[in-house]
file run25.tsv (TSV, C-alpha atoms)
chain	number	residue	atom	x	y	z
T	1	MET	CA	-0.17	12.54	-3.04
T	2	ASP	CA	-2.62	12.62	-0.17
T	3	MET	CA	-3.28	9.98	2.44
T	4	ASN	CA	-6.02	9.55	5.00
T	5	LEU	CA	-5.73	7.02	7.84
T	6	ILE	CA	-8.76	5.49	9.52
T	7	LYS	CA	-8.14	3.34	12.59
T	8	HIS	CA	-10.38	0.37	13.41
T	9	GLY	CA	-8.71	-1.12	16.49
T	10	THR	CA	-5.92	-3.40	15.24
T	11	GLU	CA	-6.78	-2.62	11.60
T	12	GLY	CA	-5.57	0.48	9.83
T	13	GLU	CA	-7.16	1.66	6.59
T	14	LEU	CA	-5.01	4.06	4.59
T	15	HIS	CA	-6.62	5.83	1.64
T	16	LEU	CA	-4.07	6.68	-1.05
T	17	ILE	CA	-4.99	9.55	-3.35
T	18	GLY	CA	-3.10	10.71	-6.43
T	19	TYR	CA	0.25	9.44	-7.67
T	20	ILE	CA	3.18	7.56	-6.18
T	21	ASP	CA	6.35	8.19	-8.12
T	22	ALA	CA	10.03	8.96	-7.55
T	23	THR	CA	9.24	12.41	-6.14
T	24	ASN	CA	7.19	11.12	-3.21
T	25	SER	CA	7.81	7.38	-2.90
T	26	GLN	CA	10.26	7.70	0.00
T	27	GLU	CA	7.76	9.75	1.99
T	28	VAL	CA	5.01	7.21	1.22
T	29	GLU	CA	7.31	4.35	2.23
T	30	ASN	CA	8.22	6.05	5.51
T	31	ILE	CA	4.54	6.51	6.35
T	32	LEU	CA	3.63	2.94	5.40
T	33	VAL	CA	6.49	1.44	7.41
T	34	SER	CA	5.59	3.59	10.42
T	35	LEU	CA	2.10	2.05	10.40
T	36	VAL	CA	3.29	-1.56	10.55
T	37	PRO	CA	3.90	-1.68	14.33
T	38	GLN	CA	0.48	-0.15	15.00
T	39	PHE	CA	-1.72	-2.65	13.16
T	40	ASP	CA	-2.19	-6.39	12.64
T	41	THR	CA	-4.01	-5.70	9.38
T	42	LEU	CA	-3.21	-2.83	7.05
T	43	VAL	CA	-5.69	-2.01	4.30
T	44	LEU	CA	-4.48	0.19	1.47
T	45	ASP	CA	-7.50	1.68	-0.24
T	46	MET	CA	-6.34	2.51	-3.76
T	47	GLY	CA	-9.65	3.66	-5.17
T	48	LYS	CA	-8.23	7.11	-5.83
T	49	LEU	CA	-4.64	6.09	-6.56
T	50	GLU	CA	-4.16	7.01	-10.20
T	51	TYR	CA	-0.58	5.92	-10.82
T	52	VAL	CA	2.27	4.02	-9.18
T	53	SER	CA	5.83	3.95	-10.51
T	54	SER	CA	8.57	1.42	-9.83
T	55	ALA	CA	9.67	3.59	-6.89
T	56	GLY	CA	6.16	3.27	-5.48
T	57	LEU	CA	6.28	-0.48	-5.96
T	58	ARG	CA	9.42	-0.59	-3.83
T	59	ALA	CA	7.51	1.18	-1.05
T	60	PHE	CA	4.73	-1.42	-1.26
T	61	ARG	CA	7.26	-4.26	-1.24
T	62	HIS	CA	8.93	-2.88	1.86
T	63	VAL	CA	5.66	-2.61	3.81
T	64	TYR	CA	4.69	-6.10	2.62
T	65	MET	CA	7.95	-7.55	3.94
T	66	ASP	CA	7.51	-5.79	7.28
T	67	MET	CA	3.89	-6.96	7.65
T	68	ARG	CA	4.86	-10.50	6.66
T	69	GLN	CA	7.66	-10.56	9.22
T	70	LYS	CA	5.21	-9.72	12.00
T	71	HIS	CA	2.60	-12.17	10.59
T	72	GLY	CA	0.29	-9.29	9.72
T	73	VAL	CA	-2.06	-8.98	6.77
T	74	LEU	CA	-1.73	-6.48	3.92
T	75	ILE	CA	-4.89	-5.85	1.90
T	76	ALA	CA	-5.30	-3.82	-1.29
T	77	ARG	CA	-8.82	-2.52	-1.71
T	78	ASN	CA	-10.55	-0.80	-4.65
T	79	VAL	CA	-7.51	-1.03	-6.92
T	80	SER	CA	-8.02	0.85	-10.18
T	81	LYS	CA	-7.58	-0.96	-13.47
T	82	ALA	CA	-4.42	1.03	-14.32
T	83	VAL	CA	-2.73	0.25	-11.00
T	84	MET	CA	-3.84	-3.40	-11.13
T	85	GLU	CA	-2.21	-3.75	-14.54
T	86	VAL	CA	1.09	-2.57	-13.05
T	87	PHE	CA	0.71	-5.07	-10.19
T	88	GLU	CA	-0.04	-7.90	-12.64
T	89	ILE	CA	2.86	-7.09	-14.98
T	90	THR	CA	5.36	-6.89	-12.12
T	91	GLY	CA	4.06	-9.86	-10.14
T	92	PHE	CA	2.98	-7.72	-7.21
T	93	THR	CA	-0.40	-9.45	-7.15
T	94	ARG	CA	1.29	-12.07	-4.94
T	95	LEU	CA	2.01	-9.49	-2.24
T	96	PHE	CA	-1.53	-8.42	-1.47
T	97	LYS	CA	-4.83	-9.89	-0.54
T	98	PHE	CA	-7.30	-8.05	-2.81
T	99	GLU	CA	-10.77	-6.82	-1.97
call {"tool": "encode", "arguments": {"input": "run25.tsv", "output": "structure tokens"}}
result
Amino acid sequence: MDMNLIKHGTEGELHLIGYIDATNSQEVENILVSLVPQFDTLVLDMGKLEYVSSAGLRAFRHVYMDMRQKHGVLIARNVSKAVMEVFEITGFTRLFKFE
């Protein structure tokens, strides 16, 4: 799993590359949660995210809850078909604004 953060003032754009599963989901969650105080809008570019497991979904839920609590915006961008199917099946499409 690789990540690349681009800062645009109060908006952070995090590019997620590879897989999020049980082996790395806690690390991903820690990084995502650490970004919440820094940005009003957090964009997760998933164009190169190939797979997300239930452990990865927990990480996304946690960052969503933190952004919601601070009245921030969480955006999912360039979501692959495979990852979107997981979001649809689990109801996670309600957590993100999609671009």
call {"tool": "residues_near_point", "arguments": {"input": "run25.tsv", "point": "(9.4, -2.1, 3.2)", "cutoff": "10 Å", "atoms": "only C-alpha atoms", "output": "MDAnalysis selection string"}}
result
chainID T and resid 29:30 32:34 36 57:67
call {"tool": "write_last_selection", "arguments": {"input": "run25.tsv", "atoms": "C-alpha atoms", "output": "short mmCIF file (atom, residue, chain, number, x, y, z; two decimals), in the frame of the given file"}}
result
data_model
loop_
_atom_site.label_atom_id
_atom_site.label_comp_id
_atom_site.auth_asym_id
_atom_site.auth_seq_id
_atom_site.Cartn_x
_atom_site.Cartn_y
_atom_site.Cartn_z
CA GLU T 29 7.31 4.35 2.23
CA ASN T 30 8.22 6.05 5.51
CA LEU T 32 3.63 2.94 5.40
CA VAL T 33 6.49 1.44 7.41
CA SER T 34 5.59 3.59 10.42
CA VAL T 36 3.29 -1.56 10.55
CA LEU T 57 6.28 -0.48 -5.96
CA ARG T 58 9.42 -0.59 -3.83
CA ALA T 59 7.51 1.18 -1.05
CA PHE T 60 4.73 -1.42 -1.26
CA ARG T 61 7.26 -4.26 -1.24
CA HIS T 62 8.93 -2.88 1.86
CA VAL T 63 5.66 -2.61 3.81
CA TYR T 64 4.69 -6.10 2.62
CA MET T 65 7.95 -7.55 3.94
CA ASP T 66 7.51 -5.79 7.28
CA MET T 67 3.89 -6.96 7.65
#
call {"tool": "atom_distance", "arguments": {"input": "run25.tsv", "atom1": "CA of Phe92 (chain T)", "atom2": "CA of Ala55 (chain T)"}}
result
13.1 Å
call {"tool": "residues_around", "arguments": {"input": "run25.tsv", "residues": "Lys97 (chain T)", "least_positions_apart": "5", "cutoff": "7 Å", "atoms": "all atoms listed in the file", "output": "JSON, numbers by chain"}}
result
{"T": [74, 75, 76]}
call {"tool": "residues_around", "arguments": {"input": "run25.tsv", "residues": "Ile6 (chain T)", "least_positions_apart": "2", "cutoff": "12 Å", "atoms": "only C-alpha atoms", "output": "PyMOL selection string"}}
result
chain T and resi 3-4+8-16+35+39+42-45
call {"tool": "write_last_selection", "arguments": {"input": "run25.tsv", "atoms": "C-alpha atoms", "output": "JSON list (two decimals), keeping the file's coordinate frame"}}
result
[["chain", "number", "residue", "atom", "x", "y", "z"],
["T", 3, "MET", "CA", -3.28, 9.98, 2.44],
["T", 4, "ASN", "CA", -6.02, 9.55, 5.00],
["T", 8, "HIS", "CA", -10.38, 0.37, 13.41],
["T", 9, "GLY", "CA", -8.71, -1.12, 16.49],
["T", 10, "THR", "CA", -5.92, -3.40, 15.24],
["T", 11, "GLU", "CA", -6.78, -2.62, 11.60],
["T", 12, "GLY", "CA", -5.57, 0.48, 9.83],
["T", 13, "GLU", "CA", -7.16, 1.66, 6.59],
["T", 14, "LEU", "CA", -5.01, 4.06, 4.59],
["T", 15, "HIS", "CA", -6.62, 5.83, 1.64],
["T", 16, "LEU", "CA", -4.07, 6.68, -1.05],
["T", 35, "LEU", "CA", 2.10, 2.05, 10.40],
["T", 39, "PHE", "CA", -1.72, -2.65, 13.16],
["T", 42, "LEU", "CA", -3.21, -2.83, 7.05],
["T", 43, "VAL", "CA", -5.69, -2.01, 4.30],
["T", 44, "LEU", "CA", -4.48, 0.19, 1.47],
["T", 45, "ASP", "CA", -7.50, 1.68, -0.24]]
call {"tool": "closest_residue", "arguments": {"input": "run25.tsv", "among": "T:Glu88, T:Asp21, T:Asp40, T:Glu27", "to": "Gly56 (chain T)", "atoms": "only C-alpha atoms"}}
result
T:Asp21
call {"tool": "atom_distance", "arguments": {"input": "run25.tsv", "atom1": "CA of Val79 (chain T)", "atom2": "CA of Glu50 (chain T)"}}
result
9.3 Å
call {"tool": "atom_distance", "arguments": {"input": "run25.tsv", "atom1": "CA of Ile89 (chain T)", "atom2": "CA of Leu49 (chain T)"}}
result
17.3 Å
call {"tool": "residues_near_point", "arguments": {"input": "run25.tsv", "point": "(-13.2, -1.8, -2.8)", "cutoff": "7 Å", "atoms": "all atoms listed in the file", "output": "tab-separated table (two decimals) with C-alpha atoms, in the coordinates of the input"}}
result
chain	number	residue	atom	x	y	z
T	47	GLY	CA	-9.65	3.66	-5.17
T	77	ARG	CA	-8.82	-2.52	-1.71
T	78	ASN	CA	-10.55	-0.80	-4.65
T	99	GLU	CA	-10.77	-6.82	-1.97
call {"tool": "residues_around", "arguments": {"input": "run25.tsv", "residues": "Met1 (chain T)", "least_positions_apart": "3", "cutoff": "8 Å", "atoms": "all atoms listed in the file", "output": "PDB file with C-alpha atoms, in the frame of the given file"}}
result
ATOM      1  CA  LEU T  16      -4.070   6.680  -1.050  1.00  0.00           C
ATOM      2  CA  ILE T  17      -4.990   9.550  -3.350  1.00  0.00           C
ATOM      3  CA  GLY T  18      -3.100  10.710  -6.430  1.00  0.00           C
ATOM      4  CA  TYR T  19       0.250   9.440  -7.670  1.00  0.00           C
ATOM      5  CA  ILE T  20       3.180   7.560  -6.180  1.00  0.00           C
ATOM      6  CA  ASN T  24       7.190  11.120  -3.210  1.00  0.00           C
TER       7      ASN T  24
END
call {"tool": "decode", "arguments": {"input": "run25.tsv", "residues": "region 3-31 of chain T", "atoms": "N, CA and C atoms", "output": "compact mmCIF listing (two decimals), in the first residue's frame"}}
result
# COMPACT_ATOMS: atom_id res chain seq x y z
N MET T 3 0.77 5.62 -0.41
CA MET T 3 -0.09 6.80 -0.33
C MET T 3 0.74 8.04 -0.67
N ASN T 4 0.07 8.98 -1.32
CA ASN T 4 0.72 10.22 -1.69
C ASN T 4 -0.23 11.36 -1.36
N LEU T 5 0.19 12.28 -0.50
CA LEU T 5 -0.65 13.39 -0.07
C LEU T 5 -0.28 14.66 -0.83
N ILE T 6 -1.30 15.32 -1.36
CA ILE T 6 -1.14 16.61 -2.00
C ILE T 6 -2.00 17.59 -1.22
N LYS T 7 -1.40 18.70 -0.80
CA LYS T 7 -2.11 19.70 0.00
C LYS T 7 -2.52 20.86 -0.90
N HIS T 8 -3.78 21.25 -0.79
CA HIS T 8 -4.33 22.40 -1.50
C HIS T 8 -5.00 23.31 -0.46
N GLY T 9 -4.23 23.98 0.35
CA GLY T 9 -4.80 24.82 1.41
C GLY T 9 -5.54 23.99 2.43
N THR T 10 -6.85 24.19 2.54
CA THR T 10 -7.66 23.45 3.52
C THR T 10 -8.18 22.13 2.97
N GLU T 11 -7.75 21.78 1.75
CA GLU T 11 -8.14 20.50 1.15
C GLU T 11 -6.91 19.62 1.02
N GLY T 12 -7.07 18.38 1.48
CA GLY T 12 -6.02 17.38 1.31
C GLY T 12 -6.48 16.34 0.32
N GLU T 13 -5.60 15.95 -0.57
CA GLU T 13 -5.91 14.92 -1.57
C GLU T 13 -4.93 13.77 -1.36
N LEU T 14 -5.46 12.64 -0.91
CA LEU T 14 -4.63 11.48 -0.62
C LEU T 14 -4.86 10.42 -1.70
N HIS T 15 -3.80 10.09 -2.41
CA HIS T 15 -3.86 9.05 -3.44
C HIS T 15 -3.53 7.71 -2.78
N LEU T 16 -4.46 6.77 -2.90
CA LEU T 16 -4.31 5.44 -2.33
C LEU T 16 -3.95 4.48 -3.46
N ILE T 17 -2.87 3.73 -3.26
CA ILE T 17 -2.36 2.85 -4.31
C ILE T 17 -2.16 1.45 -3.75
N GLY T 18 -2.79 0.46 -4.39
CA GLY T 18 -2.59 -0.92 -3.98
C GLY T 18 -3.79 -1.53 -3.30
N TYR T 19 -3.55 -2.14 -2.14
CA TYR T 19 -4.57 -2.88 -1.41
C TYR T 19 -4.68 -2.37 0.01
N ILE T 20 -5.90 -2.39 0.55
CA ILE T 20 -6.09 -2.17 1.98
C ILE T 20 -6.75 -3.43 2.52
N ASP T 21 -6.03 -4.11 3.39
CA ASP T 21 -6.55 -5.34 3.98
C ASP T 21 -6.13 -5.40 5.45
N ALA T 22 -6.30 -6.54 6.08
CA ALA T 22 -6.02 -6.68 7.50
C ALA T 22 -4.56 -6.41 7.84
N THR T 23 -3.66 -6.63 6.90
CA THR T 23 -2.23 -6.44 7.19
C THR T 23 -1.82 -4.98 7.28
N ASN T 24 -2.58 -4.08 6.65
CA ASN T 24 -2.16 -2.68 6.65
C ASN T 24 -3.28 -1.69 7.02
N SER T 25 -4.45 -2.20 7.34
CA SER T 25 -5.59 -1.30 7.57
C SER T 25 -5.39 -0.39 8.77
N GLN T 26 -4.73 -0.88 9.81
CA GLN T 26 -4.52 -0.03 10.99
C GLN T 26 -3.58 1.12 10.66
N GLU T 27 -2.56 0.85 9.89
CA GLU T 27 -1.64 1.91 9.46
C GLU T 27 -2.38 2.95 8.60
N VAL T 28 -3.19 2.46 7.66
CA VAL T 28 -3.98 3.35 6.81
C VAL T 28 -4.92 4.19 7.66
N GLU T 29 -5.60 3.55 8.60
CA GLU T 29 -6.52 4.28 9.48
C GLU T 29 -5.80 5.36 10.27
N ASN T 30 -4.64 5.02 10.83
CA ASN T 30 -3.87 6.00 11.60
C ASN T 30 -3.51 7.21 10.74
N ILE T 31 -3.11 6.97 9.51
CA ILE T 31 -2.75 8.07 8.61
C ILE T 31 -3.98 8.91 8.27
